[in-house]
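Chemist: model_27.txt is reproduced below (compact mmCIF, C-alpha atoms).
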# COMPACT_ATOMS: atom_id res chain seq x y z
CA MET A 1 20.36 15.61 1.53
CA HIS A 2 17.22 14.29 -0.11
CA TYR A 3 16.29 10.83 -1.21
CA PRO A 4 17.62 9.98 -4.68
CA GLU A 5 15.02 11.15 -7.19
CA PRO A 6 13.76 7.68 -8.25
CA ILE A 7 13.00 6.83 -4.61
CA ALA A 8 11.42 10.24 -3.93
CA LYS A 9 9.12 9.82 -6.94
CA LEU A 10 8.08 6.34 -5.90
CA ILE A 11 7.32 7.59 -2.37
CA ASP A 12 5.12 10.29 -3.94
CA SER A 13 3.28 7.69 -6.00
CA TYR A 14 2.66 5.39 -3.03
CA MET A 15 1.36 8.38 -1.06
CA LYS A 16 -1.38 8.88 -3.66
CA LEU A 17 -2.94 5.58 -2.55
CA PRO A 18 -5.66 5.76 0.12
CA GLY A 19 -4.54 5.22 3.70
CA ILE A 20 -0.83 5.44 2.89
CA GLY A 21 1.07 8.28 4.52
CA GLN A 22 4.68 9.37 4.17
CA LYS A 23 6.12 6.81 6.58
CA THR A 24 4.38 3.82 5.01
CA ALA A 25 5.15 5.12 1.51
CA THR A 26 8.84 5.39 2.38
CA ARG A 27 8.84 1.89 3.78
CA LEU A 28 7.10 0.54 0.67
CA ALA A 29 9.53 2.38 -1.64
CA PHE A 30 12.59 0.91 0.07
CA TYR A 31 10.91 -2.48 0.10
CA THR A 32 10.33 -2.15 -3.65
CA LEU A 33 14.03 -1.46 -4.08
CA ASP A 34 14.74 -4.89 -2.59
CA MET A 35 12.09 -6.74 -4.61
CA LYS A 36 13.07 -8.93 -7.56
CA GLU A 37 13.22 -7.01 -10.82
CA GLU A 38 10.62 -9.21 -12.54
CA VAL A 39 8.17 -8.74 -9.68
CA VAL A 40 8.51 -4.95 -9.94
CA ASN A 41 8.17 -5.13 -13.74
CA ASP A 42 4.97 -7.16 -13.38
CA PHE A 43 3.67 -4.59 -10.88
CA ALA A 44 4.32 -1.73 -13.35
CA LYS A 45 2.71 -3.70 -16.17
CA ALA A 46 -0.35 -4.47 -14.04
CA LEU A 47 -0.77 -0.77 -13.24
CA LEU A 48 -0.63 0.20 -16.91
CA SER A 49 -2.87 -2.68 -17.95
CA VAL A 50 -5.62 -1.74 -15.49
CA LYS A 51 -5.94 1.69 -17.09
CA ARG A 52 -5.38 0.51 -20.68
CA ASP A 53 -7.27 -2.78 -20.91
CA LEU A 54 -10.23 -2.22 -18.62
CA HIS A 55 -13.26 -0.22 -19.63
CA PHE A 56 -16.74 0.31 -18.31
CA CYS A 57 -19.46 -1.73 -19.97
CA SER A 58 -21.55 0.68 -22.05
CA ILE A 59 -24.71 -1.09 -20.89
CA CYS A 60 -24.32 -1.81 -17.17
CA GLY A 61 -21.25 0.23 -16.19
CA ASN A 62 -19.35 -2.76 -14.80
CA ILE A 63 -15.61 -3.02 -15.49
CA THR A 64 -14.77 -5.27 -18.37
CA GLU A 65 -12.11 -6.07 -20.94
CA GLU A 66 -14.70 -6.37 -23.72
CA ASP A 67 -17.76 -4.21 -24.31
CA PRO A 68 -20.52 -5.15 -23.59
CA CYS A 69 -19.34 -7.13 -20.58
CA GLU A 70 -19.50 -10.89 -20.16
CA ILE A 71 -22.66 -10.68 -18.06
CA CYS A 72 -24.57 -8.35 -20.40
CA GLN A 73 -23.63 -10.64 -23.31
CA ASP A 74 -24.63 -13.84 -21.54
CA THR A 75 -27.89 -14.97 -23.13
CA THR A 76 -28.54 -17.54 -20.41
CA ARG A 77 -29.07 -14.85 -17.79
CA ASP A 78 -32.47 -13.59 -16.71
CA ARG A 79 -32.89 -10.27 -18.51
CA SER A 80 -36.03 -9.31 -16.60
CA THR A 81 -34.13 -8.50 -13.39
CA ILE A 82 -31.54 -5.78 -12.79
CA LEU A 83 -29.57 -5.58 -9.56
CA VAL A 84 -28.28 -2.08 -8.86
CA VAL A 85 -24.96 -1.68 -7.01
CA GLU A 86 -22.68 1.22 -6.12
CA GLU A 87 -19.35 -0.07 -7.41
CA PRO A 88 -17.93 -2.72 -9.79
CA LYS A 89 -16.50 -4.67 -6.84
CA ASP A 90 -20.05 -5.17 -5.54
CA VAL A 91 -20.83 -7.07 -8.76
CA MET A 92 -17.95 -9.41 -7.95
CA SER A 93 -19.30 -9.96 -4.42
CA MET A 94 -22.74 -10.81 -5.79
CA GLU A 95 -21.30 -13.14 -8.42
CA LYS A 96 -19.29 -15.02 -5.79
CA MET A 97 -22.64 -15.97 -4.22
CA ARG A 98 -23.43 -17.91 -7.46
CA GLU A 99 -27.18 -17.58 -6.93
CA TYR A 100 -28.17 -14.43 -8.75
CA ARG A 101 -28.75 -14.99 -12.48
CA GLY A 102 -30.10 -11.59 -13.55
CA LEU A 103 -28.27 -8.52 -14.88
CA TYR A 104 -26.53 -5.65 -13.09
CA HIS A 105 -26.31 -1.89 -13.16
CA VAL A 106 -23.36 -0.11 -11.56
CA LEU A 107 -24.05 3.43 -10.33
CA HIS A 108 -20.38 4.32 -9.73
CA GLY A 109 -21.23 6.12 -6.53
CA VAL A 110 -24.23 7.08 -4.42
CA LEU A 111 -26.22 10.25 -3.98
CA SER A 112 -24.45 12.24 -1.31
CA PRO A 113 -25.58 15.75 -0.45
CA MET A 114 -22.56 16.02 1.88
CA GLU A 115 -20.11 15.37 -0.97
CA GLY A 116 -22.21 17.19 -3.55
CA THR A 117 -23.00 14.04 -5.56
CA GLY A 118 -26.34 14.50 -7.31
CA PRO A 119 -28.39 12.20 -9.61
CA GLU A 120 -26.57 13.49 -12.69
CA ASP A 121 -23.17 12.50 -11.23
CA ILE A 122 -23.89 8.77 -11.10
CA ASN A 123 -25.23 6.28 -13.66
CA ILE A 124 -28.94 6.86 -13.07
CA ALA A 125 -29.92 8.16 -16.51
CA SER A 126 -28.54 5.02 -18.20
CA LEU A 127 -30.50 2.85 -15.75
CA LEU A 128 -33.76 4.64 -16.58
CA GLN A 129 -32.96 4.27 -20.28
CA ARG A 130 -32.51 0.51 -19.85
CA LEU A 131 -35.81 0.25 -17.97
CA HIS A 132 -37.46 2.19 -20.78
CA ASP A 133 -35.95 0.11 -23.61
CA GLU A 134 -36.05 -3.37 -22.13
CA ALA A 135 -38.66 -5.58 -20.54
CA VAL A 136 -37.45 -5.36 -16.96
CA GLU A 137 -39.80 -6.69 -14.30
CA GLU A 138 -37.79 -6.19 -11.12
CA VAL A 139 -35.07 -3.83 -9.96
CA ILE A 140 -33.20 -5.04 -6.86
CA ILE A 141 -31.48 -2.14 -5.17
CA ALA A 142 -28.25 -3.33 -3.52
CA THR A 143 -26.65 -0.06 -2.53
CA ASN A 144 -24.78 -0.22 0.77
CA ALA A 145 -26.61 -0.09 4.10
CA THR A 146 -25.23 3.40 4.79
CA THR A 147 -27.17 6.65 5.08
CA ASP A 148 -26.25 7.62 1.51
CA GLY A 149 -26.93 4.10 0.25
CA GLU A 150 -30.38 4.11 1.85
CA ALA A 151 -31.20 7.57 0.51
CA THR A 152 -30.14 6.51 -2.98
CA ALA A 153 -32.34 3.41 -2.70
CA MET A 154 -35.33 5.55 -1.71
CA TYR A 155 -34.65 7.99 -4.53
CA LEU A 156 -34.41 5.25 -7.17
CA SER A 157 -37.49 3.51 -5.82
CA ARG A 158 -39.60 6.68 -6.20
CA LEU A 159 -38.26 7.15 -9.72
CA ILE A 160 -38.84 3.59 -10.93
CA LYS A 161 -42.04 2.44 -9.22
CA PRO A 162 -44.35 4.74 -11.21
CA ALA A 163 -43.28 2.83 -14.36
CA GLY A 164 -44.95 -0.25 -12.88
CA ILE A 165 -41.66 -2.03 -12.24
CA LYS A 166 -41.22 -3.95 -9.00
CA VAL A 167 -38.49 -2.42 -6.83
CA THR A 168 -36.92 -4.44 -4.02
CA ARG A 169 -34.11 -3.85 -1.54
CA LEU A 170 -31.68 -6.36 -0.03
CA ALA A 171 -32.72 -7.49 3.45
CA HIS A 172 -31.05 -5.97 6.47
CA GLY A 173 -30.43 -8.03 9.57
CA LEU A 174 -27.94 -10.02 11.55
CA ALA A 175 -24.96 -11.34 9.66
CA VAL A 176 -25.04 -15.14 9.51
CA GLY A 177 -22.93 -16.58 12.32
CA SER A 178 -22.85 -13.30 14.23
CA ASP A 179 -23.71 -12.72 17.88
CA ILE A 180 -26.68 -10.55 18.87
CA GLU A 181 -24.43 -9.21 21.62
CA TYR A 182 -22.16 -7.56 19.07
CA ALA A 183 -24.78 -6.29 16.61
CA ASP A 184 -25.26 -2.52 16.57
CA GLU A 185 -28.70 -1.18 17.50
CA VAL A 186 -29.76 -0.11 14.03
CA THR A 187 -28.94 -3.53 12.60
CA LEU A 188 -30.83 -5.14 15.46
CA LEU A 189 -33.84 -2.88 14.85
CA LYS A 190 -33.80 -3.81 11.15
CA ALA A 191 -33.54 -7.48 12.09
CA VAL A 192 -36.62 -7.21 14.32
CA GLU A 193 -38.56 -5.22 11.72
CA GLY A 194 -37.72 -7.79 9.03
CA ARG A 195 -38.53 -10.83 11.20
CA ARG A 196 -40.13 -13.84 9.53
CA GLU A 197 -42.57 -16.46 10.74
CA LEU A 198 -41.06 -19.88 11.28
CA MET W 1 -16.89 -15.30 -11.96
CA HIS W 2 -13.45 -13.91 -11.26
CA TYR W 3 -12.11 -10.39 -11.37
CA PRO W 4 -11.12 -9.33 -14.88
CA GLU W 5 -7.50 -10.40 -15.38
CA PRO W 6 -5.92 -6.92 -15.26
CA ILE W 7 -7.52 -6.27 -11.86
CA ALA W 8 -6.61 -9.75 -10.58
CA LYS W 9 -2.98 -9.20 -11.57
CA LEU W 10 -2.84 -5.81 -9.91
CA ILE W 11 -4.33 -7.27 -6.72
CA ASP W 12 -1.57 -9.92 -6.80
CA SER W 13 1.08 -7.22 -7.19
CA TYR W 14 -0.24 -5.12 -4.32
CA MET W 15 -0.33 -8.23 -2.14
CA LYS W 16 3.43 -8.65 -2.60
CA LEU W 17 3.95 -5.45 -0.59
CA PRO W 18 4.52 -5.84 3.16
CA GLY W 19 1.46 -5.48 5.37
CA ILE W 20 -1.00 -5.57 2.48
CA GLY W 21 -3.45 -8.46 2.48
CA GLN W 22 -6.10 -9.47 -0.01
CA LYS W 23 -8.75 -7.02 1.18
CA THR W 24 -6.48 -3.98 1.14
CA ALA W 25 -4.94 -5.06 -2.18
CA THR W 26 -8.42 -5.32 -3.72
CA ARG W 27 -9.35 -1.89 -2.40
CA LEU W 28 -6.11 -0.40 -3.77
CA ALA W 29 -6.62 -2.06 -7.16
CA PHE W 30 -10.12 -0.64 -7.55
CA TYR W 31 -8.87 2.71 -6.33
CA THR W 32 -6.16 2.58 -9.00
CA LEU W 33 -8.84 1.99 -11.61
CA ASP W 34 -10.37 5.34 -10.66
CA MET W 35 -7.08 7.26 -10.58
CA LYS W 36 -6.13 9.62 -13.40
CA GLU W 37 -4.25 7.88 -16.19
CA GLU W 38 -1.18 10.13 -15.88
CA VAL W 39 -0.93 9.45 -12.15
CA VAL W 40 -0.97 5.69 -12.77
CA ASN W 41 1.57 6.09 -15.59
CA ASP W 42 3.87 8.03 -13.26
CA PHE W 43 3.47 5.31 -10.65
CA ALA W 44 4.47 2.61 -13.15
CA LYS W 45 7.43 4.70 -14.34
CA ALA W 46 8.59 5.30 -10.76
CA LEU W 47 8.51 1.55 -10.07
CA LEU W 48 10.61 0.79 -13.14
CA SER W 49 12.98 3.67 -12.46
CA VAL W 50 13.71 2.55 -8.90
CA LYS W 51 15.00 -0.79 -10.19
CA ARG W 52 16.69 0.59 -13.31
CA ASP W 53 18.28 3.86 -12.16
CA LEU W 54 19.30 3.12 -8.60
CA HIS W 55 22.37 1.13 -7.71
CA PHE W 56 24.39 0.46 -4.60
CA CYS W 57 27.52 2.55 -4.16
CA SER W 58 30.51 0.25 -4.72
CA ILE W 59 32.29 1.89 -1.79
CA CYS W 60 29.72 2.37 0.98
CA GLY W 61 26.73 0.34 -0.21
CA ASN W 62 24.30 3.27 -0.06
CA ILE W 63 21.72 3.64 -2.84
CA THR W 64 22.72 6.07 -5.52
CA GLU W 65 22.13 7.05 -9.11
CA GLU W 66 25.87 7.50 -9.74
CA ASP W 67 28.74 5.31 -8.51
CA PRO W 68 30.49 6.17 -6.21
CA CYS W 69 27.68 7.97 -4.41
CA GLU W 70 27.49 11.72 -3.76
CA ILE W 71 28.75 11.31 -0.19
CA CYS W 72 31.72 9.09 -1.04
CA GLN W 73 32.66 11.56 -3.81
CA ASP W 74 32.33 14.64 -1.57
CA THR W 75 35.88 15.80 -0.82
CA THR W 76 34.69 18.19 1.90
CA ARG W 77 33.61 15.33 4.15
CA ASP W 78 35.71 13.94 6.97
CA ARG W 79 37.20 10.73 5.58
CA SER W 80 38.57 9.60 8.93
CA THR W 81 35.14 8.64 10.31
CA ILE W 82 32.79 5.94 9.05
CA LEU W 83 29.28 5.58 10.44
CA VAL W 84 27.90 2.05 10.00
CA VAL W 85 24.14 1.61 9.46
CA GLU W 86 21.86 -1.29 8.63
CA GLU W 87 19.94 0.14 5.68
CA PRO W 88 20.17 2.96 3.09
CA LYS W 89 17.23 4.74 4.68
CA ASP W 90 19.26 5.09 7.89
CA VAL W 91 21.78 7.17 5.91
CA MET W 92 18.93 9.52 4.97
CA SER W 93 17.87 9.81 8.62
CA MET W 94 21.43 10.69 9.66
CA GLU W 95 21.81 13.21 6.85
CA LYS W 96 18.59 14.96 7.87
CA MET W 97 20.29 15.76 11.19
CA ARG W 98 22.84 17.87 9.21
CA GLU W 99 25.52 17.42 11.87
CA TYR W 100 27.46 14.37 10.79
CA ARG W 101 30.16 15.15 8.18
CA GLY W 102 31.94 11.80 7.92
CA LEU W 103 31.37 8.86 5.59
CA TYR W 104 28.96 5.91 5.80
CA HIS W 105 28.91 2.19 5.38
CA VAL W 106 25.63 0.37 4.77
CA LEU W 107 25.54 -3.25 5.96
CA HIS W 108 22.26 -4.13 4.18
CA GLY W 109 21.07 -6.15 7.14
CA VAL W 110 22.20 -7.30 10.57
CA LEU W 111 23.61 -10.50 11.92
CA SER W 112 20.65 -12.64 12.86
CA PRO W 113 21.11 -16.22 14.02
CA MET W 114 17.32 -16.59 14.04
CA GLU W 115 17.06 -15.74 10.36
CA GLY W 116 20.32 -17.40 9.44
CA THR W 117 22.08 -14.16 8.50
CA GLY W 118 25.80 -14.55 9.10
CA PRO W 119 28.78 -12.16 8.63
CA GLU W 120 29.21 -13.22 4.99
CA ASP W 121 25.59 -12.26 4.17
CA ILE W 122 26.00 -8.56 4.95
CA ASN W 123 28.55 -5.92 3.84
CA ILE W 124 31.17 -6.60 6.51
CA ALA W 125 34.05 -7.71 4.27
CA SER W 126 33.88 -4.46 2.29
CA LEU W 127 33.92 -2.46 5.54
CA LEU W 128 37.07 -4.27 6.71
CA GLN W 129 38.65 -3.66 3.32
CA ARG W 130 37.95 0.09 3.63
CA LEU W 131 39.45 0.15 7.12
CA HIS W 132 42.50 -1.64 5.76
CA ASP W 133 42.94 0.63 2.73
CA GLU W 134 42.06 4.03 4.18
CA ALA W 135 43.16 6.08 7.16
CA VAL W 136 40.03 5.65 9.25
CA GLU W 137 40.28 6.78 12.88
CA GLU W 138 36.77 6.13 14.18
CA VAL W 139 33.95 3.75 13.32
CA ILE W 140 30.56 4.80 14.73
CA ILE W 141 28.23 1.83 14.88
CA ALA W 142 24.65 2.98 14.34
CA THR W 143 22.84 -0.32 13.96
CA ASN W 144 19.35 -0.34 15.46
CA ALA W 145 18.84 -0.71 19.21
CA THR W 146 17.40 -4.21 18.74
CA THR W 147 18.86 -7.49 19.92
CA ASP W 148 20.29 -8.23 16.47
CA GLY W 149 21.51 -4.64 16.09
CA GLU W 150 23.31 -4.83 19.44
CA ALA W 151 24.84 -8.21 18.65
CA THR W 152 26.07 -6.90 15.29
CA ALA W 153 27.59 -3.87 17.00
CA MET W 154 29.44 -6.13 19.47
CA TYR W 155 30.64 -8.38 16.66
CA LEU W 156 31.96 -5.47 14.59
CA SER W 157 33.57 -3.89 17.62
CA ARG W 158 35.55 -7.04 18.40
CA LEU W 159 36.61 -7.28 14.76
CA ILE W 160 37.72 -3.65 14.36
CA LYS W 161 39.23 -2.68 17.72
CA PRO W 162 42.35 -4.91 17.37
CA ALA W 163 43.34 -2.79 14.33
CA GLY W 164 43.71 0.16 16.69
CA ILE W 165 40.64 1.96 15.35
CA LYS W 166 38.30 3.70 17.81
CA VAL W 167 34.84 2.08 17.79
CA THR W 168 31.84 3.95 19.22
CA ARG W 169 28.12 3.24 19.47
CA LEU W 170 25.23 5.70 19.37
CA ALA W 171 23.95 6.59 22.85
CA HIS W 172 20.84 4.89 24.16
CA GLY W 173 18.44 6.75 26.40
CA LEU W 174 15.20 8.62 26.62
CA ALA W 175 13.91 10.11 23.39
CA VAL W 176 13.94 13.90 23.55
CA GLY W 177 10.51 15.14 24.62
CA SER W 178 9.42 11.76 25.92
CA ASP W 179 7.95 10.94 29.33
CA ILE W 180 9.81 8.70 31.76
CA GLU W 181 6.42 7.21 32.57
CA TYR W 182 6.15 5.73 29.08
CA ALA W 183 9.76 4.60 28.61
CA ASP W 184 10.30 0.84 28.62
CA GLU W 185 12.53 -0.60 31.32
CA VAL W 186 15.47 -1.46 29.11
CA THR W 187 15.58 2.08 27.68
CA LEU W 188 15.35 3.48 31.20
CA LEU W 189 18.19 1.23 32.36
CA LYS W 190 20.33 2.40 29.42
CA ALA W 191 19.47 6.00 30.25
CA VAL W 192 20.61 5.56 33.85
CA GLU W 193 23.80 3.73 32.80
CA GLY W 194 24.62 6.45 30.31
CA ARG W 195 23.91 9.36 32.67
CA ARG W 196 26.09 12.47 32.45
CA GLU W 197 27.24 14.96 35.03
CA LEU W 198 25.56 18.37 34.79
Write the structure described by the file as structure tokens, please.

Modeler:
Amino acid sequence: MHYPEPIAKLIDSYMKLPGIGQKTATRLAFYTLDMKEEVVNDFAKALLSVKRDLHFCSICGNITEEDPCEICQDTTRDRSTILVVEEPKDVMSMEKMREYRGLYHVLHGVLSPMEGTGPEDINIASLLQRLHDEAVEEVIIATNATTDGEATAMYLSRLIKPAGIKVTRLAHGLAVGSDIEYADEVTLLKAVEGRREL
Amino acid sequence: MHYPEPIAKLIDSYMKLPGIGQKTATRLAFYTLDMKEEVVNDFAKALLSVKRDLHFCSICGNITEEDPCEICQDTTRDRSTILVVEEPKDVMSMEKMREYRGLYHVLHGVLSPMEGTGPEDINIASLLQRLHDEAVEEVIIATNATTDGEATAMYLSRLIKPAGIKVTRLAHGLAVGSDIEYADEVTLLKAVEGRREL
């Protein structure tokens, strides 16, 4: 005997999510069965809405309901600075900080020789086009502090610097409030290298 | 700045699932954004279908697309035995074994003084009605081997035995293929108590 088809299909769908195997998917499917109908309806609507109502900003690549996005349209922002991130969620993290007032550019990935991701697979051409068309003075590269993120930062830096545009990278170092005891060696090395005079 | 509304709503929906907090929900929502449209559509359809197309069997309480369920309708099954489980998924587990040919009864919960679940909150009345109306010879109680599961088994046993119906409980003991070294003490005690002559 198999699961009734509606349950089997829902298990399949849950299994398509990252980090969710058959056991968890089964548990989630049976849990869904016990959820209130309106909650499940809202869930289904939210899924459809995310694919239907969200688009990528044609300028910066961030996710947005309107195109261009809120940030690209905001005339009060500093248009001479572009902060480059890997993913749309990184824009949200930066915005939560409430300090950065420039523009963004979302690469939608990083260069990764291991995964076969080359410069043409991520939003690099559109970044260069923006630098060419607009009066940008500084590009802040905020790719992740991973091997691929670092390599992408180096690659972009070599591409952009010759145009006379300042290229900077987010500082590496100890997380605020963290213990030196628990910092990994590479982070500690970066923290020493980036030390400042008091 | 907040997440665009469609993403925020999807994060909220994912967070309603058990074991999924804000961070995981956010990761799943952004992952959903990158999934193929048809996969997301299928997901939404599966969610709606589970609530719309599945019902509880009016006889045994198992989930089913038709009422009564396949098992209750199956005339080749042994109608003199009813196996009592906590949840519909337990029926699936039993059926996978392909040995049991009797009927089922799904309680949809267990008695739990801690959570305020009393006899009237789970499908006990309908079980007693079946025992009254049909020629049942044995009730196998297959509630989980937890405190609440055991208490529910004892409660049902005391209720059913006076009617002259045989009441049995699944055996407790070592899992097949498991090491004695790793068995907990209660399981080991049950295994010794339930020992059989070779």

Chemist: So that each row is one residue of chain A with an atom at most 7 Å from chain W, can you give its shortest atom pair and the distance in Å to one decimal, using all atoms listed in the file, rows by chain and rising number, as CSV?

Modeler:
residue,atom,partner,partner_atom,distance
A:Met1,CA,W:Glu95,CA,6.0
A:Tyr3,CA,W:Met92,CA,6.8
A:Pro4,CA,W:Thr64,CA,6.5
A:Pro6,CA,W:Val50,CA,5.2
A:Ile7,CA,W:Val50,CA,6.1
A:Lys9,CA,W:Ala46,CA,5.9
A:Leu10,CA,W:Ala46,CA,5.0
A:Ser13,CA,W:Phe43,CA,5.2
A:Leu17,CA,W:Leu28,CA,6.9
A:Leu28,CA,W:Leu17,CA,6.9
A:Leu33,CA,W:Lys51,CA,6.2
A:Glu37,CA,W:Lys51,CA,6.5
A:Val40,CA,W:Leu47,CA,6.5
A:Asn41,CA,W:Leu48,CA,6.4
A:Phe43,CA,W:Ser13,CA,5.2
A:Ala44,CA,W:Ala44,CA,4.3
A:Ala46,CA,W:Leu10,CA,5.0
A:Leu47,CA,W:Ala44,CA,6.2
A:Leu48,CA,W:Asn41,CA,6.4
A:Ser49,CA,W:Pro6,CA,5.9
A:Val50,CA,W:Pro6,CA,5.2
A:Lys51,CA,W:Leu33,CA,6.2
A:Thr64,CA,W:Pro4,CA,6.5
A:Glu65,CA,W:Pro4,CA,7.0
A:Met92,CA,W:Tyr3,CA,6.8
A:Glu95,CA,W:Met1,CA,6.1
A:Lys96,CA,W:Met1,CA,6.6

Chemist: Can you pull out the residues contacting range 165-168 of chain W? Cut-off 8 Å, using all atoms listed in the file, and skip same-chain residues under 2 positions away; I want them as a VMD selection string.

Modeler: chain W and resid 136 to 141 157 160 to 163 170

Chemist: What separation in Å, quoted to one decimal, exists between CA of Pro68 in chain W and CA of Tyr155 in chain W?

Modeler: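 Computed distance, CA of Pro68 in chain W to CA of Tyr155 in chain W, equals 27.1 Å.
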
Chemist: Find the distance between CA of Thr143 in chain W and CA of Ser178 in chain W and write it in Å to one decimal.

Modeler: 21.7 Å

Chemist: Measuring between all atoms listed in the file, which one of A:Leu174, A:Glu120, A:Arg77, A:Ala25 shows the shortest distance to Glu99 in chain A?

Modeler: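 Closest candidate: A:Arg77.
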
Chemist: Would you mind reading off the distance between CA of Val110 in chain A and CA of His132 in chain A, one decimal, in Å?

Modeler: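 Atom-to-atom, CA of Val110 in chain A and CA of His132 in chain A are spaced 21.6 Å apart.
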
Chemist: Check the smallest atom-to-atom distance from each of A:Ile124, A:Thr76, A:Ala135, A:Met114 to Leu159 in chain A using only C-alpha atoms, then report the winner.

Modeler: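 Closest candidate: A:Ile124.
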
Chemist: Fewer than 6 positions away in the same chain doesn't count, so skip those; otherwise give me all residues within 12 Å of Thr147 in chain A, counting all atoms listed in the file, as a list in words.

Modeler: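 The filter keeps Val110, Leu111, Ser112, Pro113, Met114, Ala153, Met154 and Val186 of chain A.
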
Chemist: Quick one: residues within 8 Å of range 187-193 of chain A, only C-alpha atoms counted, chain neighbours fewer than 3 positions away excluded, as a count of residues only?

Modeler: 6
